$ cat input_33.cif   # mmCIF, C-alpha atoms
data_model
loop_
_atom_site.label_atom_id
_atom_site.label_comp_id
_atom_site.auth_asym_id
_atom_site.auth_seq_id
_atom_site.Cartn_x
_atom_site.Cartn_y
_atom_site.Cartn_z
CA MET A 68 -36.21 30.07 -37.08
CA SER A 69 -39.81 31.01 -36.27
CA LEU A 70 -42.21 31.42 -39.18
CA LEU A 71 -44.52 33.57 -37.07
CA SER A 72 -44.37 37.29 -37.74
CA PRO A 73 -43.57 39.43 -34.70
CA VAL A 74 -46.53 40.90 -32.85
CA PRO A 75 -46.02 44.45 -31.53
CA ASP A 76 -46.31 45.15 -27.83
CA VAL A 77 -49.62 47.00 -27.46
CA SER A 78 -49.75 47.12 -23.65
CA ILE A 79 -49.31 50.90 -23.39
CA SER A 80 -51.90 51.62 -26.06
CA LEU A 81 -54.38 49.24 -24.42
CA ARG A 82 -54.02 51.01 -21.07
CA VAL A 83 -54.64 54.39 -22.69
CA LEU A 84 -57.66 53.07 -24.57
CA ALA A 85 -59.01 51.51 -21.38
CA ARG A 86 -58.65 54.85 -19.61
CA LEU A 87 -60.35 56.70 -22.46
CA LEU A 88 -63.41 54.47 -22.10
CA ALA A 89 -63.65 55.08 -18.36
CA TYR A 90 -66.01 57.59 -16.76
CA PRO A 91 -64.77 61.09 -17.73
CA ASP A 92 -64.22 62.49 -14.25
CA ALA A 93 -61.83 65.25 -13.19
CA GLN A 94 -58.92 62.81 -12.87
CA LEU A 95 -59.35 61.68 -16.47
CA GLN A 96 -59.26 65.28 -17.68
CA ALA A 97 -56.08 65.83 -15.68
CA ASP A 98 -54.46 62.73 -17.21
CA LEU A 99 -55.25 63.48 -20.86
CA THR A 100 -51.89 65.13 -21.68
CA ASP A 101 -49.93 62.15 -20.32
CA MET A 102 -52.28 59.75 -22.09
CA ARG A 103 -51.72 61.49 -25.41
CA GLU A 104 -47.95 61.37 -24.99
CA ALA A 105 -48.06 57.68 -24.06
CA LEU A 106 -50.19 56.85 -27.10
CA HIS A 107 -47.83 58.64 -29.48
CA SER A 108 -44.72 57.16 -27.85
CA ASN A 109 -46.00 53.68 -28.72
CA PRO A 110 -46.99 54.10 -32.39
CA VAL A 111 -48.78 50.81 -33.05
CA LEU A 112 -51.89 52.47 -34.49
CA ALA A 113 -52.33 53.92 -37.96
CA PRO A 114 -51.80 57.72 -38.17
CA ALA A 115 -55.43 58.28 -39.16
CA ARG A 116 -56.62 56.40 -36.06
CA LEU A 117 -54.24 58.37 -33.84
CA ALA A 118 -55.66 61.57 -35.28
CA GLU A 119 -59.19 60.42 -34.38
CA LEU A 120 -58.11 59.61 -30.83
CA ASP A 121 -56.41 63.02 -30.56
CA ALA A 122 -59.71 64.61 -31.59
CA LEU A 123 -61.54 62.68 -28.86
CA MET A 124 -59.00 63.72 -26.23
CA ASN A 125 -59.20 67.34 -27.38
CA LYS A 126 -62.97 67.19 -27.05
CA LEU A 127 -62.78 65.73 -23.53
CA SER A 128 -60.12 68.24 -22.51
CA GLY A 129 -62.07 71.29 -23.65
CA ALA A 130 -65.55 70.19 -22.60
CA ASN A 131 -67.45 71.07 -19.48
CA ARG A 132 -66.89 68.07 -17.24
CA LEU A 133 -70.50 67.78 -16.13
CA ASP A 134 -71.59 67.79 -19.76
CA SER A 135 -69.05 65.09 -20.60
CA GLU A 136 -70.24 62.94 -17.70
CA ALA A 137 -73.91 63.32 -18.68
CA GLN A 138 -73.15 62.48 -22.31
CA TYR A 139 -71.12 59.44 -21.23
CA VAL A 140 -73.99 58.08 -19.12
CA GLU A 141 -76.48 58.71 -21.92
CA LEU A 142 -74.23 56.96 -24.43
CA PHE A 143 -72.99 53.92 -22.53
CA ASP A 144 -75.46 53.32 -19.70
CA ARG A 145 -78.84 53.76 -21.39
CA GLY A 146 -78.87 51.09 -24.06
CA ARG A 147 -77.53 47.62 -24.80
CA ALA A 148 -76.08 48.40 -28.26
CA THR A 149 -73.34 50.64 -26.84
CA SER A 150 -72.92 48.93 -23.47
CA LEU A 151 -69.32 48.53 -22.31
CA HIS A 152 -70.29 45.38 -20.40
CA LEU A 153 -69.36 42.83 -23.03
CA PHE A 154 -71.52 39.99 -21.76
CA GLU A 155 -74.56 42.19 -22.44
CA HIS A 156 -73.78 41.57 -26.11
CA VAL A 157 -73.13 37.84 -25.66
CA HIS A 158 -75.51 36.58 -22.98
CA GLY A 159 -77.96 39.44 -22.41
CA ASP A 160 -80.00 38.62 -19.30
CA SER A 161 -79.69 34.85 -19.68
CA ARG A 162 -78.55 32.54 -16.89
CA ASP A 163 -75.26 31.94 -18.74
CA ARG A 164 -74.05 35.40 -17.80
CA GLY A 165 -73.39 34.58 -14.13
CA PRO A 166 -71.11 31.57 -14.72
CA ALA A 167 -69.30 33.48 -17.49
CA MET A 168 -68.64 36.34 -15.03
CA ILE A 169 -67.21 33.90 -12.49
CA ASP A 170 -64.96 32.22 -15.07
CA LEU A 171 -63.63 35.57 -16.28
CA ALA A 172 -62.97 36.84 -12.75
CA GLN A 173 -61.06 33.63 -12.01
CA THR A 174 -59.00 34.14 -15.18
CA TYR A 175 -58.03 37.59 -13.87
CA GLU A 176 -57.15 36.23 -10.45
CA ARG A 177 -54.90 33.53 -11.90
CA ALA A 178 -53.02 36.35 -13.64
CA GLY A 179 -52.76 38.30 -10.37
CA LEU A 180 -55.46 40.86 -11.19
CA PHE A 181 -58.11 41.29 -8.49
CA LEU A 182 -61.20 43.40 -9.03
CA ALA A 183 -62.10 46.29 -6.78
CA GLU A 184 -65.40 46.19 -4.94
CA GLY A 185 -68.26 46.84 -7.36
CA GLU A 186 -66.22 46.18 -10.51
CA LEU A 187 -67.61 43.67 -12.98
CA PRO A 188 -65.17 41.50 -14.94
CA ASP A 189 -66.91 42.03 -18.30
CA TYR A 190 -66.54 45.83 -18.15
CA LEU A 191 -64.40 46.67 -21.18
CA PRO A 192 -61.91 49.03 -19.46
CA VAL A 193 -61.26 46.32 -16.83
CA MET A 194 -60.83 43.66 -19.50
CA LEU A 195 -58.39 45.83 -21.44
CA GLU A 196 -56.33 46.37 -18.29
CA PHE A 197 -56.07 42.59 -18.00
CA VAL A 198 -55.18 42.10 -21.68
CA SER A 199 -52.45 44.76 -21.36
CA THR A 200 -50.64 42.47 -18.89
CA GLN A 201 -50.46 39.57 -21.34
CA PRO A 202 -47.60 38.81 -23.78
CA PRO A 203 -48.16 40.40 -27.22
CA ARG A 204 -49.28 37.27 -29.04
CA GLU A 205 -51.71 36.24 -26.28
CA ALA A 206 -53.01 39.81 -26.07
CA ARG A 207 -53.80 39.89 -29.79
CA ALA A 208 -55.51 36.49 -29.60
CA PHE A 209 -57.63 37.66 -26.66
CA LEU A 210 -58.63 40.81 -28.54
CA GLY A 211 -59.40 38.74 -31.62
CA GLU A 212 -61.91 36.67 -29.66
CA MET A 213 -63.78 39.86 -28.79
CA ALA A 214 -63.44 41.56 -32.17
CA HIS A 215 -67.04 40.83 -33.23
CA ILE A 216 -68.28 42.61 -30.08
CA PHE A 217 -65.93 45.55 -30.69
CA ASN A 218 -67.28 45.78 -34.22
CA ALA A 219 -70.90 45.83 -33.05
CA ILE A 220 -70.20 48.61 -30.53
CA PHE A 221 -68.13 50.47 -33.12
CA ASN A 222 -71.07 50.44 -35.55
CA ALA A 223 -73.51 51.57 -32.85
CA LEU A 224 -71.23 54.46 -31.86
CA GLN A 225 -70.76 55.51 -35.47
CA GLN A 226 -74.53 55.44 -35.91
CA ARG A 227 -74.73 57.91 -33.02
CA GLU A 228 -71.88 59.99 -34.53
CA SER A 229 -69.87 59.60 -31.33
CA ALA A 230 -66.15 60.35 -31.21
CA TYR A 231 -65.81 57.33 -28.90
CA ALA A 232 -66.10 55.15 -32.02
CA SER A 233 -62.39 55.87 -32.57
CA VAL A 234 -61.52 53.85 -29.45
CA LEU A 235 -63.39 50.78 -30.67
CA GLY A 236 -61.87 51.25 -34.12
CA ALA A 237 -58.44 51.24 -32.48
CA LEU A 238 -59.25 48.02 -30.61
CA LEU A 239 -60.30 46.37 -33.87
CA GLU A 240 -57.03 47.49 -35.42
CA LEU A 241 -55.00 46.06 -32.52
CA SER A 242 -56.90 42.77 -32.77
CA GLY A 243 -55.86 42.45 -36.40
CA GLU A 244 -59.43 42.82 -37.65
CA LYS A 245 -61.18 45.40 -39.81
CA ALA A 246 -64.43 47.13 -39.07
CA HIS A 247 -67.42 46.11 -41.18
CA ALA A 248 -71.04 47.15 -41.22
CA VAL A 249 -73.50 45.20 -39.07
CA ARG A 250 -77.19 45.63 -38.44
CA ILE A 251 -77.83 47.39 -35.14
CA ALA A 252 -81.07 46.44 -33.42
CA PRO A 253 -82.78 49.55 -32.01
CA ASP A 254 -82.60 49.84 -28.23
CA GLU A 255 -85.85 49.92 -26.32
CA ALA A 256 -86.43 53.43 -25.04
CA MET A 257 -85.37 53.69 -21.40
CA ASP A 258 -88.67 55.37 -20.50
CA ALA A 259 -90.58 52.43 -21.99
CA SER A 260 -88.49 49.77 -20.25
CA TRP A 261 -89.02 51.45 -16.87
CA GLU A 262 -92.65 52.38 -17.48
CA GLU A 263 -94.97 51.74 -14.54
CA PRO A 264 -97.93 49.44 -15.18
CA VAL A 265 -101.31 51.14 -15.48
CA VAL A 266 -102.88 51.35 -12.05
CA PHE A 267 -106.35 52.66 -12.77
CA ASP A 268 -107.27 50.44 -15.70
CA GLY A 269 -110.95 50.81 -14.86
CA CYS A 270 -111.22 54.42 -15.99
CA SER A 271 -110.70 56.11 -19.30
CA SER A 272 -110.09 59.68 -20.44
CA LYS A 273 -111.84 59.06 -23.74
CA GLY A 274 -113.31 62.29 -25.08
CA GLN A 275 -110.93 64.88 -23.67
CA ALA A 276 -112.66 68.17 -22.91
CA ARG A 277 -111.34 71.52 -24.03
CA PRO A 278 -109.83 73.86 -21.43
CA GLY A 279 -112.55 75.38 -19.25
CA GLN A 280 -115.11 72.68 -20.04
CA ALA A 281 -116.27 69.94 -17.72
CA GLN A 282 -114.40 66.72 -18.30
CA PRO A 283 -116.60 63.63 -18.44
CA ILE A 284 -114.99 60.52 -17.02
CA HIS A 285 -116.02 57.18 -18.49
CA PHE A 286 -115.66 54.14 -16.26
CA VAL A 287 -115.03 50.89 -18.09
CA ARG A 288 -115.56 47.64 -16.29
CA ASN A 289 -112.69 45.22 -16.63
CA ASP A 290 -113.13 41.44 -16.40
CA ALA A 291 -112.67 41.36 -12.65
CA ALA A 292 -115.20 44.13 -12.06
CA HIS A 293 -117.72 42.40 -14.36
CA ALA A 294 -117.33 39.11 -12.46
CA ASN A 295 -117.84 40.88 -9.14
CA ALA A 296 -120.97 42.59 -10.46
CA LYS A 297 -122.46 39.27 -11.60
CA ALA A 298 -121.73 37.68 -8.23
CA ALA A 299 -123.32 40.60 -6.42
CA ALA A 300 -126.41 40.40 -8.66
CA HIS A 301 -126.88 36.70 -7.87
CA ALA A 302 -126.55 37.47 -4.19
CA GLY A 303 -129.17 40.21 -4.46
CA VAL A 304 -126.66 42.95 -3.67
CA SER A 305 -126.39 46.08 -5.80
CA PRO A 306 -122.86 46.51 -7.26
#

$ encode --input "input_33.cif" --output "structure tokens"
Amino acid sequence: MSLLSPVPDVSISLRVLARLLAYPDAQLQADLTDMREALHSNPVLAPARLAELDALMNKLSGANRLDSEAQYVELFDRGRATSLHLFEHVHGDSRDRGPAMIDLAQTYERAGLFLAEGELPDYLPVMLEFVSTQPPREARAFLGEMAHIFNAIFNALQQRESAYASVLGALLELSGEKAHAVRIAPDEAMDASWEEPVVFDGCSSKGQARPGQAQPIHFVRNDAAHANAKAAAHAGVSP
């Protein structure tokens, strides 16, 4: 007689949750009714969590699709704290990320799951599709290994008051873990991270003129300009 308690089959729920985290295109909107029925036909989540997921699906169903797509991109693609690429949270931009990607892709392939062109193995919806193919006990263990990442994303989504937090809360529940508060490091503003370097660092707009007045421009020599001027002076050439 086994002393291990039975682990429920969460494959259907995982597939629905994976789909909910995917880009909210027209096909997703069309599938929402079937997704809701599938989620309720496999009641492995607490009623309160199911109610939260219903609210998310209602929101996606009734929203303007273009608005939903724009909000999705703003939420998941413009900051590391809510990124759905899990290795962003583990490896960041370090060199370890590449080998980890290869190892994970090979794990999928050994299970008969091959990625489509352009898909990355650490993308959460892809990973959940893989986990949904595993036996219940292995699936829970796999989710448990990622629970700390789920919790971090869950906290970041709650901080943004996003209904998508319910999906990460559901994943924590299926992994056998509970959500707990963590400190979320602020994301660098996207505008700052993509900011162009200053080109004309030799001029300054110090002393802005009022509208209609002449604007004086003050030129400030940088180190390179100062060195060139000294060289020209020694050579008897006016800078």

$ atom_distance --input "input_33.cif" --atom1 "atom CA of Leu171 of chain A" --atom2 "atom CA of Asp189 of chain A"
7.5 Å

$ residues_around --input "input_33.cif" --residues "Ile79 of chain A" --least-positions-apart "2" --cutoff "9 Å" --atoms "all atoms listed in the file" --output "PDB file with C-alpha atoms, in the coordinates of the input"
ATOM      1  CA  ASP A  76     -46.310  45.150 -27.830  1.00  0.00           C
ATOM      2  CA  VAL A  77     -49.620  47.000 -27.460  1.00  0.00           C
ATOM      3  CA  LEU A  81     -54.380  49.240 -24.420  1.00  0.00           C
ATOM      4  CA  ARG A  82     -54.020  51.010 -21.070  1.00  0.00           C
ATOM      5  CA  VAL A  83     -54.640  54.390 -22.690  1.00  0.00           C
ATOM      6  CA  LEU A  84     -57.660  53.070 -24.570  1.00  0.00           C
ATOM      7  CA  ALA A 105     -48.060  57.680 -24.060  1.00  0.00           C
ATOM      8  CA  LEU A 106     -50.190  56.850 -27.100  1.00  0.00           C
ATOM      9  CA  SER A 108     -44.720  57.160 -27.850  1.00  0.00           C
ATOM     10  CA  ASN A 109     -46.000  53.680 -28.720  1.00  0.00           C
ATOM     11  CA  SER A 199     -52.450  44.760 -21.360  1.00  0.00           C
TER      12      SER A 199
END

$ axis_aligned_box --input "input_33.cif" --around "segment 219-231 of chain A" --padding-each-side "5 Å" --output "AutoDock Vina command-line options"
--center_x -70.3 --center_y 53.1 --center_z -32.4 --size_x 18.9 --size_y 24.5 --size_z 17.0

$ atom_distance --input "input_33.cif" --atom1 "atom CA of His152 of chain A" --atom2 "atom CA of Leu187 of chain A"
8.1 Å

$ atom_distance --input "input_33.cif" --atom1 "atom CA of Leu241 of chain A" --atom2 "atom CA of Ala214 of chain A"
9.6 Å

$ resolve_selection --input "input_33.cif" --expression "the PyMOL selection byres ((chain A and resi 188) around 10)" --output "PDB file with C-alpha atoms, in the coordinates of the input"
ATOM      1  CA  HIS A 152     -70.290  45.380 -20.400  1.00  0.00           C
ATOM      2  CA  LEU A 153     -69.360  42.830 -23.030  1.00  0.00           C
ATOM      3  CA  PHE A 154     -71.520  39.990 -21.760  1.00  0.00           C
ATOM      4  CA  ALA A 167     -69.300  33.480 -17.490  1.00  0.00           C
ATOM      5  CA  MET A 168     -68.640  36.340 -15.030  1.00  0.00           C
ATOM      6  CA  ILE A 169     -67.210  33.900 -12.490  1.00  0.00           C
ATOM      7  CA  ASP A 170     -64.960  32.220 -15.070  1.00  0.00           C
ATOM      8  CA  LEU A 171     -63.630  35.570 -16.280  1.00  0.00           C
ATOM      9  CA  ALA A 172     -62.970  36.840 -12.750  1.00  0.00           C
ATOM     10  CA  GLN A 173     -61.060  33.630 -12.010  1.00  0.00           C
ATOM     11  CA  THR A 174     -59.000  34.140 -15.180  1.00  0.00           C
ATOM     12  CA  TYR A 175     -58.030  37.590 -13.870  1.00  0.00           C
ATOM     13  CA  PHE A 181     -58.110  41.290  -8.490  1.00  0.00           C
ATOM     14  CA  LEU A 182     -61.200  43.400  -9.030  1.00  0.00           C
ATOM     15  CA  ALA A 183     -62.100  46.290  -6.780  1.00  0.00           C
ATOM     16  CA  GLY A 185     -68.260  46.840  -7.360  1.00  0.00           C
ATOM     17  CA  GLU A 186     -66.220  46.180 -10.510  1.00  0.00           C
ATOM     18  CA  LEU A 187     -67.610  43.670 -12.980  1.00  0.00           C
ATOM     19  CA  ASP A 189     -66.910  42.030 -18.300  1.00  0.00           C
ATOM     20  CA  TYR A 190     -66.540  45.830 -18.150  1.00  0.00           C
ATOM     21  CA  LEU A 191     -64.400  46.670 -21.180  1.00  0.00           C
ATOM     22  CA  PRO A 192     -61.910  49.030 -19.460  1.00  0.00           C
ATOM     23  CA  VAL A 193     -61.260  46.320 -16.830  1.00  0.00           C
ATOM     24  CA  MET A 194     -60.830  43.660 -19.500  1.00  0.00           C
ATOM     25  CA  PHE A 197     -56.070  42.590 -18.000  1.00  0.00           C
TER      26      PHE A 197
END

$ residues_around --input "input_33.cif" --residues "Glu240 of chain A" --least-positions-apart "5" --cutoff "12 Å" --atoms "all atoms listed in the file" --output "list of chain:residue names"
A:Val77, A:Ser80, A:Leu81, A:Val111, A:Leu112, A:Ala113, A:Pro114, A:Ala115, A:Arg116, A:Leu117, A:Arg207, A:Leu210, A:Gly211, A:Ala214, A:Phe217, A:Asn218, A:Phe221, A:Ser233, A:Val234, A:Leu235, A:Lys245, A:Ala246, A:His247

$ residues_around --input "input_33.cif" --residues "Tyr139 of chain A" --least-positions-apart "5" --cutoff "10 Å" --atoms "all atoms listed in the file" --output "VMD selection string"
chain A and resid 88 to 91 133 to 134 144 to 145 231

$ closest_residue --input "input_33.cif" --among "A:Gly243, A:Gly129, A:Gly146, A:Pro203" --to "Leu224 of chain A" --atoms "all atoms listed in the file"
A:Gly146

$ closest_residue --input "input_33.cif" --among "A:Ala219, A:Val74, A:Ala93, A:Ala237" --to "Val157 of chain A" --atoms "all atoms listed in the file"
A:Ala219

$ closest_residue --input "input_33.cif" --among "A:Ala223, A:Leu239, A:Ala178, A:Val198" --to "Ala85 of chain A" --atoms "all atoms listed in the file"
A:Val198

$ closest_residue --input "input_33.cif" --among "A:Ser242, A:Arg177, A:Glu228, A:Ala97" --to "Arg204 of chain A" --atoms "only C-alpha atoms"
A:Ser242
